[in-house]
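Worksheet: the structure to be examined is printed underneath.
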Amino acid sequence: MVIVDLDQTALQRAAGADAEAMAWAVADVTSSEQVKSAVGVALERFGRLDVVFANAGVFGVVAPVTEYPVDVFEHVLAVNVLGSFLVAKHALAVMEEGGSLIINSSVVGLTSDRGITAYATSKHALVGLMRTAAKEMAGRGIRVNSLHPGPTDNEFQRSIEVEAVGAPSAQAAAVFEQMIPLARHATPHEIAQAVVFLASDESTFMTGATLVVDGGLSI
């Protein structure tokens with residue numbers, strides 16, 4: 001496994017002492033050269049590429065369309081859309097037959113709400129990227145699917161909730177849980193299980209799919 005991030009210290013901590021099973025690469029997903037280099041690390045270290053999870057993302061701010069900052073909009077699309085495109089471009093070029101590309105979108109890649117112009121736009125765009133790549137890669141026996149998590153108990157989601165609700169973390173989380181039919185956040189493990197499913201042989205007849213793991217939020 002190769003993990004990729006901007007933060008070298010965090011990568012080293014995540015990789016731990018298991019150097020045989022895990023490698024890491026520092027890369028900015030908005031840089032074609034750096035993404036290609038990270039893919040090269042995987043090929044050099046393990047000799048082949050079978051599964052890729054495109055998971056880098058940023059949220060932006062909460063503001064009406066008419067007031068949304070242009071620079072923030074451009075940054076969100078650069079990371080979320082251009083970044084995923086570059087991962088797809090360079091990974092799919094060298095992926096083995098039977099491989100799987102999983103693009104992490106969001107429940108708001110299928111729905112939306114007020115104030116999240118950049119984030120929702122970027123996450124909808126990933127569905128178009130996924131469906132196009134799925135059709136193009138089918139002849140090579142490579143599957144491409146998108147994952148659409150609902151609110152998940154992690155630092156990224158907590159920061160979104162505080163921004164959206166304008167209240168402390170616990171209070172903001174409670175507001176979100178009132179909107180979820182299962183009345184709770186997903187655990188990171190639950191989302192990880194969905195990723196493993198899309199990567200595994202248990203999903204070999206799935207491509208071009210939008211897998212929703214949202215506790216019923218999009219019903």
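Ligands are numbered from 1 in the order shown, residues from 1 within each chain, and chains are lettered A, B, ... in the order they appear in the structure tokens.
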
For stretch 112-127 of chain A, list every protein, DNA or RNA residue within 7 Å, evaluated using only C-alpha atoms, and leave out those in the same chain fewer than 4 positions away; present the list as an MDAnalysis selection string.
chainID A and resid 59:60 62:65 73 76:77 80:81 105:106 108 131 146

Keeping only N, CA and C atoms, take the residues you just selected and write them out as an mmCIF file, in the first residue's frame.
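out-v6.cif, freshly written:
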data_model
loop_
_atom_site.group_PDB
_atom_site.id
_atom_site.type_symbol
_atom_site.label_atom_id
_atom_site.label_comp_id
_atom_site.auth_asym_id
_atom_site.auth_seq_id
_atom_site.Cartn_x
_atom_site.Cartn_y
_atom_site.Cartn_z
ATOM 1 N N PHE A 59 -13.369 21.549 1.782
ATOM 2 C CA PHE A 59 -14.779 21.940 1.847
ATOM 3 C C PHE A 59 -15.053 23.335 1.303
ATOM 4 N N GLY A 60 -14.269 24.312 1.688
ATOM 5 C CA GLY A 60 -14.557 25.690 1.315
ATOM 6 C C GLY A 60 -15.250 26.419 2.449
ATOM 7 N N VAL A 62 -19.276 28.343 3.770
ATOM 8 C CA VAL A 62 -20.727 28.369 3.589
ATOM 9 C C VAL A 62 -21.122 29.802 3.238
ATOM 10 N N ALA A 63 -21.715 29.978 2.051
ATOM 11 C CA ALA A 63 -22.131 31.308 1.594
ATOM 12 C C ALA A 63 -23.094 31.143 0.426
ATOM 13 N N PRO A 64 -24.013 32.081 0.232
ATOM 14 C CA PRO A 64 -24.907 32.013 -0.922
ATOM 15 C C PRO A 64 -24.128 32.075 -2.239
ATOM 16 N N VAL A 65 -24.723 31.549 -3.290
ATOM 17 C CA VAL A 65 -24.078 31.569 -4.606
ATOM 18 C C VAL A 65 -23.648 32.984 -4.979
ATOM 19 N N PHE A 73 -13.997 29.105 -4.379
ATOM 20 C CA PHE A 73 -14.625 28.198 -5.345
ATOM 21 C C PHE A 73 -13.556 27.542 -6.221
ATOM 22 N N VAL A 76 -11.490 24.921 -4.202
ATOM 23 C CA VAL A 76 -12.224 23.679 -3.943
ATOM 24 C C VAL A 76 -12.284 22.820 -5.200
ATOM 25 N N LEU A 77 -12.569 23.424 -6.333
ATOM 26 C CA LEU A 77 -12.611 22.642 -7.573
ATOM 27 C C LEU A 77 -11.229 22.129 -7.972
ATOM 28 N N ASN A 80 -10.636 19.109 -5.352
ATOM 29 C CA ASN A 80 -11.606 18.013 -5.420
ATOM 30 C C ASN A 80 -11.777 17.444 -6.824
ATOM 31 N N VAL A 81 -11.811 18.315 -7.821
ATOM 32 C CA VAL A 81 -12.085 17.854 -9.188
ATOM 33 C C VAL A 81 -10.796 17.626 -9.977
ATOM 34 N N SER A 105 -16.670 10.786 -3.378
ATOM 35 C CA SER A 105 -17.512 11.960 -3.576
ATOM 36 C C SER A 105 -18.134 12.313 -2.235
ATOM 37 N N SER A 106 -19.435 12.377 -2.155
ATOM 38 C CA SER A 106 -20.138 12.742 -0.921
ATOM 39 C C SER A 106 -21.615 12.529 -1.163
ATOM 40 N N VAL A 108 -23.562 14.833 -0.872
ATOM 41 C CA VAL A 108 -23.948 16.030 -1.622
ATOM 42 C C VAL A 108 -23.415 16.014 -3.043
ATOM 43 N N ARG A 131 -18.234 8.254 -14.206
ATOM 44 C CA ARG A 131 -19.007 7.554 -15.233
ATOM 45 C C ARG A 131 -18.279 7.524 -16.573
ATOM 46 N N SER A 146 -17.888 5.479 -7.654
ATOM 47 C CA SER A 146 -17.760 6.574 -6.687
ATOM 48 C C SER A 146 -18.456 6.198 -5.385
#

Which stretch 29-113 of chain A residues have any atom within 12 Å of an atom of stretch 2-10 of chain A, and for each, what is the nearest pair of atoms with distance in Å to one decimal, counting only C-alpha atoms, rows sorted by chain and number, as JSON lines?
{"residue": "A:Val29", "atom": "CA", "partner": "A:Asp5", "partner_atom": "CA", "distance": 8.4}
{"residue": "A:Thr30", "atom": "CA", "partner": "A:Leu6", "partner_atom": "CA", "distance": 11.0}
{"residue": "A:Ser31", "atom": "CA", "partner": "A:Leu6", "partner_atom": "CA", "distance": 11.5}
{"residue": "A:Gln34", "atom": "CA", "partner": "A:Val4", "partner_atom": "CA", "distance": 10.2}
{"residue": "A:Val35", "atom": "CA", "partner": "A:Val4", "partner_atom": "CA", "distance": 9.0}
{"residue": "A:Lys36", "atom": "CA", "partner": "A:Val4", "partner_atom": "CA", "distance": 11.6}
{"residue": "A:Ser37", "atom": "CA", "partner": "A:Val4", "partner_atom": "CA", "distance": 10.7}
{"residue": "A:Ala38", "atom": "CA", "partner": "A:Val4", "partner_atom": "CA", "distance": 7.2}
{"residue": "A:Val39", "atom": "CA", "partner": "A:Val2", "partner_atom": "CA", "distance": 8.7}
{"residue": "A:Gly40", "atom": "CA", "partner": "A:Val2", "partner_atom": "CA", "distance": 10.3}
{"residue": "A:Val41", "atom": "CA", "partner": "A:Val2", "partner_atom": "CA", "distance": 7.7}
{"residue": "A:Ala42", "atom": "CA", "partner": "A:Val2", "partner_atom": "CA", "distance": 6.0}
{"residue": "A:Leu43", "atom": "CA", "partner": "A:Val2", "partner_atom": "CA", "distance": 9.7}
{"residue": "A:Glu44", "atom": "CA", "partner": "A:Val2", "partner_atom": "CA", "distance": 10.8}
{"residue": "A:Arg45", "atom": "CA", "partner": "A:Val2", "partner_atom": "CA", "distance": 8.6}
{"residue": "A:Phe46", "atom": "CA", "partner": "A:Val2", "partner_atom": "CA", "distance": 9.1}
{"residue": "A:Gly47", "atom": "CA", "partner": "A:Val2", "partner_atom": "CA", "distance": 12.0}
{"residue": "A:Arg48", "atom": "CA", "partner": "A:Val2", "partner_atom": "CA", "distance": 11.5}
{"residue": "A:Leu49", "atom": "CA", "partner": "A:Val2", "partner_atom": "CA", "distance": 10.0}
{"residue": "A:Asp50", "atom": "CA", "partner": "A:Val2", "partner_atom": "CA", "distance": 11.5}
{"residue": "A:Val51", "atom": "CA", "partner": "A:Val2", "partner_atom": "CA", "distance": 10.3}
{"residue": "A:Val52", "atom": "CA", "partner": "A:Val2", "partner_atom": "CA", "distance": 9.4}
{"residue": "A:Phe53", "atom": "CA", "partner": "A:Ile3", "partner_atom": "CA", "distance": 9.7}
{"residue": "A:Ala54", "atom": "CA", "partner": "A:Val4", "partner_atom": "CA", "distance": 9.9}
{"residue": "A:Asn55", "atom": "CA", "partner": "A:Val4", "partner_atom": "CA", "distance": 9.7}
{"residue": "A:Ala56", "atom": "CA", "partner": "A:Asp5", "partner_atom": "CA", "distance": 8.1}
{"residue": "A:Gly57", "atom": "CA", "partner": "A:Asp5", "partner_atom": "CA", "distance": 10.9}
{"residue": "A:Val79", "atom": "CA", "partner": "A:Leu6", "partner_atom": "CA", "distance": 11.9}
{"residue": "A:Gly83", "atom": "CA", "partner": "A:Asp5", "partner_atom": "CA", "distance": 11.9}
{"residue": "A:Val87", "atom": "CA", "partner": "A:Val4", "partner_atom": "CA", "distance": 11.0}

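The neighbours of A:Gly216 here are the residues that come within 12 Å of it, using only C-alpha atoms and leaving out any residue fewer than 6 positions away in the same chain; they are Val107, His148, Pro149, Gly150, Pro151, Glu177, Gln178, Met179, Ile180, Pro181, Leu182, Ala183, Arg184, His185 and Ala186 of chain A.
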
Selected residues written out, C-alpha atoms, as a short mmCIF file (atom, residue, chain, number, x, y, z; two decimals), in the first residue's frame:
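The resulting part.cif:
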data_model
loop_
_atom_site.label_atom_id
_atom_site.label_comp_id
_atom_site.auth_asym_id
_atom_site.auth_seq_id
_atom_site.Cartn_x
_atom_site.Cartn_y
_atom_site.Cartn_z
CA VAL A 107 -23.84 12.47 -0.24
CA HIS A 148 -20.92 8.86 -1.36
CA PRO A 149 -20.51 9.00 2.43
CA GLY A 150 -22.86 10.88 4.68
CA PRO A 151 -21.68 12.72 7.80
CA GLU A 177 -27.84 13.93 13.44
CA GLN A 178 -31.41 15.21 13.53
CA MET A 179 -31.33 15.19 9.72
CA ILE A 180 -30.03 11.61 9.41
CA PRO A 181 -32.70 8.86 9.55
CA LEU A 182 -30.33 6.56 11.45
CA ALA A 183 -29.77 9.48 13.84
CA ARG A 184 -26.00 9.19 14.09
CA HIS A 185 -22.77 9.79 12.22
CA ALA A 186 -20.99 7.03 10.35
#

Show me, as a PDB file with N, CA and C atoms, in the first residue's frame, the residues that have an atom within 12 Å of A:Thr132 when counting only C-alpha atoms, minus same-chain residues fewer than 6 positions from it.
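Result file follows (part_39.pdb):
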ATOM      1  N   PHE A  85      -9.232  14.048 -11.028  1.00  0.00           N
ATOM      2  CA  PHE A  85      -8.947  13.808 -12.448  1.00  0.00           C
ATOM      3  C   PHE A  85      -7.497  13.377 -12.646  1.00  0.00           C
ATOM      4  N   ALA A  88      -7.002   9.866 -11.478  1.00  0.00           N
ATOM      5  CA  ALA A  88      -7.559   8.944 -12.472  1.00  0.00           C
ATOM      6  C   ALA A  88      -6.669   8.868 -13.713  1.00  0.00           C
ATOM      7  N   LYS A  89      -6.247  10.014 -14.200  1.00  0.00           N
ATOM      8  CA  LYS A  89      -5.430  10.065 -15.416  1.00  0.00           C
ATOM      9  C   LYS A  89      -4.169   9.228 -15.295  1.00  0.00           C
ATOM     10  N   ALA A 125     -19.417  16.921  -9.846  1.00  0.00           N
ATOM     11  CA  ALA A 125     -18.510  16.760 -10.987  1.00  0.00           C
ATOM     12  C   ALA A 125     -17.795  15.416 -10.955  1.00  0.00           C
ATOM     13  N   LEU A 126     -17.517  14.917  -9.764  1.00  0.00           N
ATOM     14  CA  LEU A 126     -16.825  13.635  -9.654  1.00  0.00           C
ATOM     15  C   LEU A 126     -17.655  12.484 -10.197  1.00  0.00           C
ATOM     16  N   ALA A 138     -13.829  -0.023 -19.136  1.00  0.00           N
ATOM     17  CA  ALA A 138     -14.503  -1.325 -19.109  1.00  0.00           C
ATOM     18  C   ALA A 138     -13.838  -2.338 -20.036  1.00  0.00           C
ATOM     19  N   ARG A 143     -12.566  -1.413 -13.174  1.00  0.00           N
ATOM     20  CA  ARG A 143     -13.821  -0.851 -12.666  1.00  0.00           C
ATOM     21  C   ARG A 143     -13.580   0.514 -12.044  1.00  0.00           C
ATOM     22  N   VAL A 144     -14.538   1.416 -12.243  1.00  0.00           N
ATOM     23  CA  VAL A 144     -14.466   2.754 -11.653  1.00  0.00           C
ATOM     24  C   VAL A 144     -15.814   3.056 -11.008  1.00  0.00           C
ATOM     25  N   ASN A 145     -15.805   3.354  -9.738  1.00  0.00           N
ATOM     26  CA  ASN A 145     -17.032   3.655  -8.989  1.00  0.00           C
ATOM     27  C   ASN A 145     -16.793   4.858  -8.076  1.00  0.00           C
ATOM     28  N   SER A 146     -17.888   5.479  -7.654  1.00  0.00           N
ATOM     29  CA  SER A 146     -17.760   6.574  -6.687  1.00  0.00           C
ATOM     30  C   SER A 146     -18.456   6.198  -5.385  1.00  0.00           C
ATOM     31  N   THR A 207     -19.480  -1.361 -11.885  1.00  0.00           N
ATOM     32  CA  THR A 207     -18.706  -0.254 -12.413  1.00  0.00           C
ATOM     33  C   THR A 207     -19.676   0.845 -12.820  1.00  0.00           C
ATOM     34  N   GLY A 208     -19.241   2.085 -12.696  1.00  0.00           N
ATOM     35  CA  GLY A 208     -20.128   3.210 -12.980  1.00  0.00           C
ATOM     36  C   GLY A 208     -21.173   3.434 -11.908  1.00  0.00           C
ATOM     37  N   ALA A 209     -20.957   2.868 -10.722  1.00  0.00           N
ATOM     38  CA  ALA A 209     -21.966   2.923  -9.662  1.00  0.00           C
ATOM     39  C   ALA A 209     -21.671   4.046  -8.673  1.00  0.00           C
TER      40      ALA A 209
END

Pick from A:Ala164, A:Ala170, A:Met1, A:Met137, whichever lies nearest to A:Ala15 using only C-alpha atoms
A:Met1

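Minimum atom-to-atom distance to A:Glu163, evaluated using only C-alpha atoms, belongs to A:Val61 out of A:Leu82, A:Val94, A:Ile142, A:Val61.
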
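In this model, the gap between atom CA of A:Leu198 and atom CA of A:His75 comes to 28.5 Å.
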
Could you write out, as JSON, numbers by chain, all the residues of stretch 36-198 of chain A that DSSP marks as strand (DSSP E or B)?
{"A": [51, 52, 53, 54, 63, 100, 101, 102, 103, 104, 116, 143, 144, 145, 146, 147, 148, 149, 152, 186]}

Write out as number ranges by chain the residues lying within 7 Å of A:Pro188, counting only C-alpha atoms and excluding same-chain residues fewer than 4 positions away.
A: 152-153, 192

Test item, helix (DSSP H, G or I) assignment across stretch 14-110 of chain A, answer as an NGL selection string:
:A and (14-15 or 32-46 or 65-67 or 70-92 or 107-109)

So that I have them on file, write out the residues from the current selection with C-alpha atoms, as a PDB file, in the first residue's frame.
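Result file is out.pdb:
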ATOM      1  CA  ALA A  14       0.501   6.581   9.540  1.00  0.00           C
ATOM      2  CA  ALA A  15       2.973   4.259   7.858  1.00  0.00           C
ATOM      3  CA  SER A  32       0.123  16.533 -12.448  1.00  0.00           C
ATOM      4  CA  GLU A  33       3.846  15.911 -11.999  1.00  0.00           C
ATOM      5  CA  GLN A  34       3.518  15.142  -8.289  1.00  0.00           C
ATOM      6  CA  VAL A  35       0.558  12.797  -8.772  1.00  0.00           C
ATOM      7  CA  LYS A  36       2.400  10.961 -11.546  1.00  0.00           C
ATOM      8  CA  SER A  37       5.422  10.667  -9.271  1.00  0.00           C
ATOM      9  CA  ALA A  38       3.284   9.201  -6.463  1.00  0.00           C
ATOM     10  CA  VAL A  39       1.895   6.606  -8.869  1.00  0.00           C
ATOM     11  CA  GLY A  40       5.490   5.862  -9.814  1.00  0.00           C
ATOM     12  CA  VAL A  41       6.325   5.188  -6.171  1.00  0.00           C
ATOM     13  CA  ALA A  42       3.645   2.494  -6.103  1.00  0.00           C
ATOM     14  CA  LEU A  43       4.953   0.874  -9.276  1.00  0.00           C
ATOM     15  CA  GLU A  44       8.552   0.988  -8.113  1.00  0.00           C
ATOM     16  CA  ARG A  45       7.759  -0.314  -4.639  1.00  0.00           C
ATOM     17  CA  PHE A  46       5.218  -3.030  -5.496  1.00  0.00           C
ATOM     18  CA  VAL A  65     -24.078  31.569  -4.606  1.00  0.00           C
ATOM     19  CA  THR A  66     -24.235  35.324  -5.156  1.00  0.00           C
ATOM     20  CA  GLU A  67     -21.721  35.942  -2.375  1.00  0.00           C
ATOM     21  CA  VAL A  70     -14.421  33.149  -6.364  1.00  0.00           C
ATOM     22  CA  ASP A  71     -10.975  32.228  -5.061  1.00  0.00           C
ATOM     23  CA  VAL A  72     -12.449  29.706  -2.607  1.00  0.00           C
ATOM     24  CA  PHE A  73     -14.625  28.198  -5.345  1.00  0.00           C
ATOM     25  CA  GLU A  74     -11.586  27.811  -7.603  1.00  0.00           C
ATOM     26  CA  HIS A  75      -9.526  26.214  -4.823  1.00  0.00           C
ATOM     27  CA  VAL A  76     -12.224  23.679  -3.943  1.00  0.00           C
ATOM     28  CA  LEU A  77     -12.611  22.642  -7.573  1.00  0.00           C
ATOM     29  CA  ALA A  78      -8.852  22.458  -8.017  1.00  0.00           C
ATOM     30  CA  VAL A  79      -8.402  20.027  -5.122  1.00  0.00           C
ATOM     31  CA  ASN A  80     -11.606  18.013  -5.420  1.00  0.00           C
ATOM     32  CA  VAL A  81     -12.085  17.854  -9.188  1.00  0.00           C
ATOM     33  CA  LEU A  82      -8.711  18.489 -10.811  1.00  0.00           C
ATOM     34  CA  GLY A  83      -7.081  16.406  -8.083  1.00  0.00           C
ATOM     35  CA  SER A  84      -9.339  13.413  -8.687  1.00  0.00           C
ATOM     36  CA  PHE A  85      -8.947  13.808 -12.448  1.00  0.00           C
ATOM     37  CA  LEU A  86      -5.160  13.715 -12.147  1.00  0.00           C
ATOM     38  CA  VAL A  87      -5.301  10.645  -9.921  1.00  0.00           C
ATOM     39  CA  ALA A  88      -7.559   8.944 -12.472  1.00  0.00           C
ATOM     40  CA  LYS A  89      -5.430  10.065 -15.416  1.00  0.00           C
ATOM     41  CA  HIS A  90      -2.139   8.767 -14.099  1.00  0.00           C
ATOM     42  CA  ALA A  91      -3.388   5.727 -12.172  1.00  0.00           C
ATOM     43  CA  LEU A  92      -5.622   4.330 -14.899  1.00  0.00           C
ATOM     44  CA  VAL A 107     -23.840  12.472  -0.239  1.00  0.00           C
ATOM     45  CA  VAL A 108     -23.948  16.030  -1.622  1.00  0.00           C
ATOM     46  CA  GLY A 109     -22.555  14.667  -4.874  1.00  0.00           C
TER      47      GLY A 109
END

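Nearest-residue note for A:Ile103: choosing from A:Met22, A:Gly141, A:Met206, A:Leu147, the minimum distance belongs to A:Leu147, counting only C-alpha atoms.
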
Let me make sure I understand: among A:Ala134, A:Leu211, A:Leu129, A:Ala174, which one has the smallest atom-to-atom distance to A:Gln193 if we use only C-alpha atoms?
A:Leu211

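Across the structure, atom CA of A:Ala199 and atom CA of A:Gly99 are spaced 7.9 Å apart.
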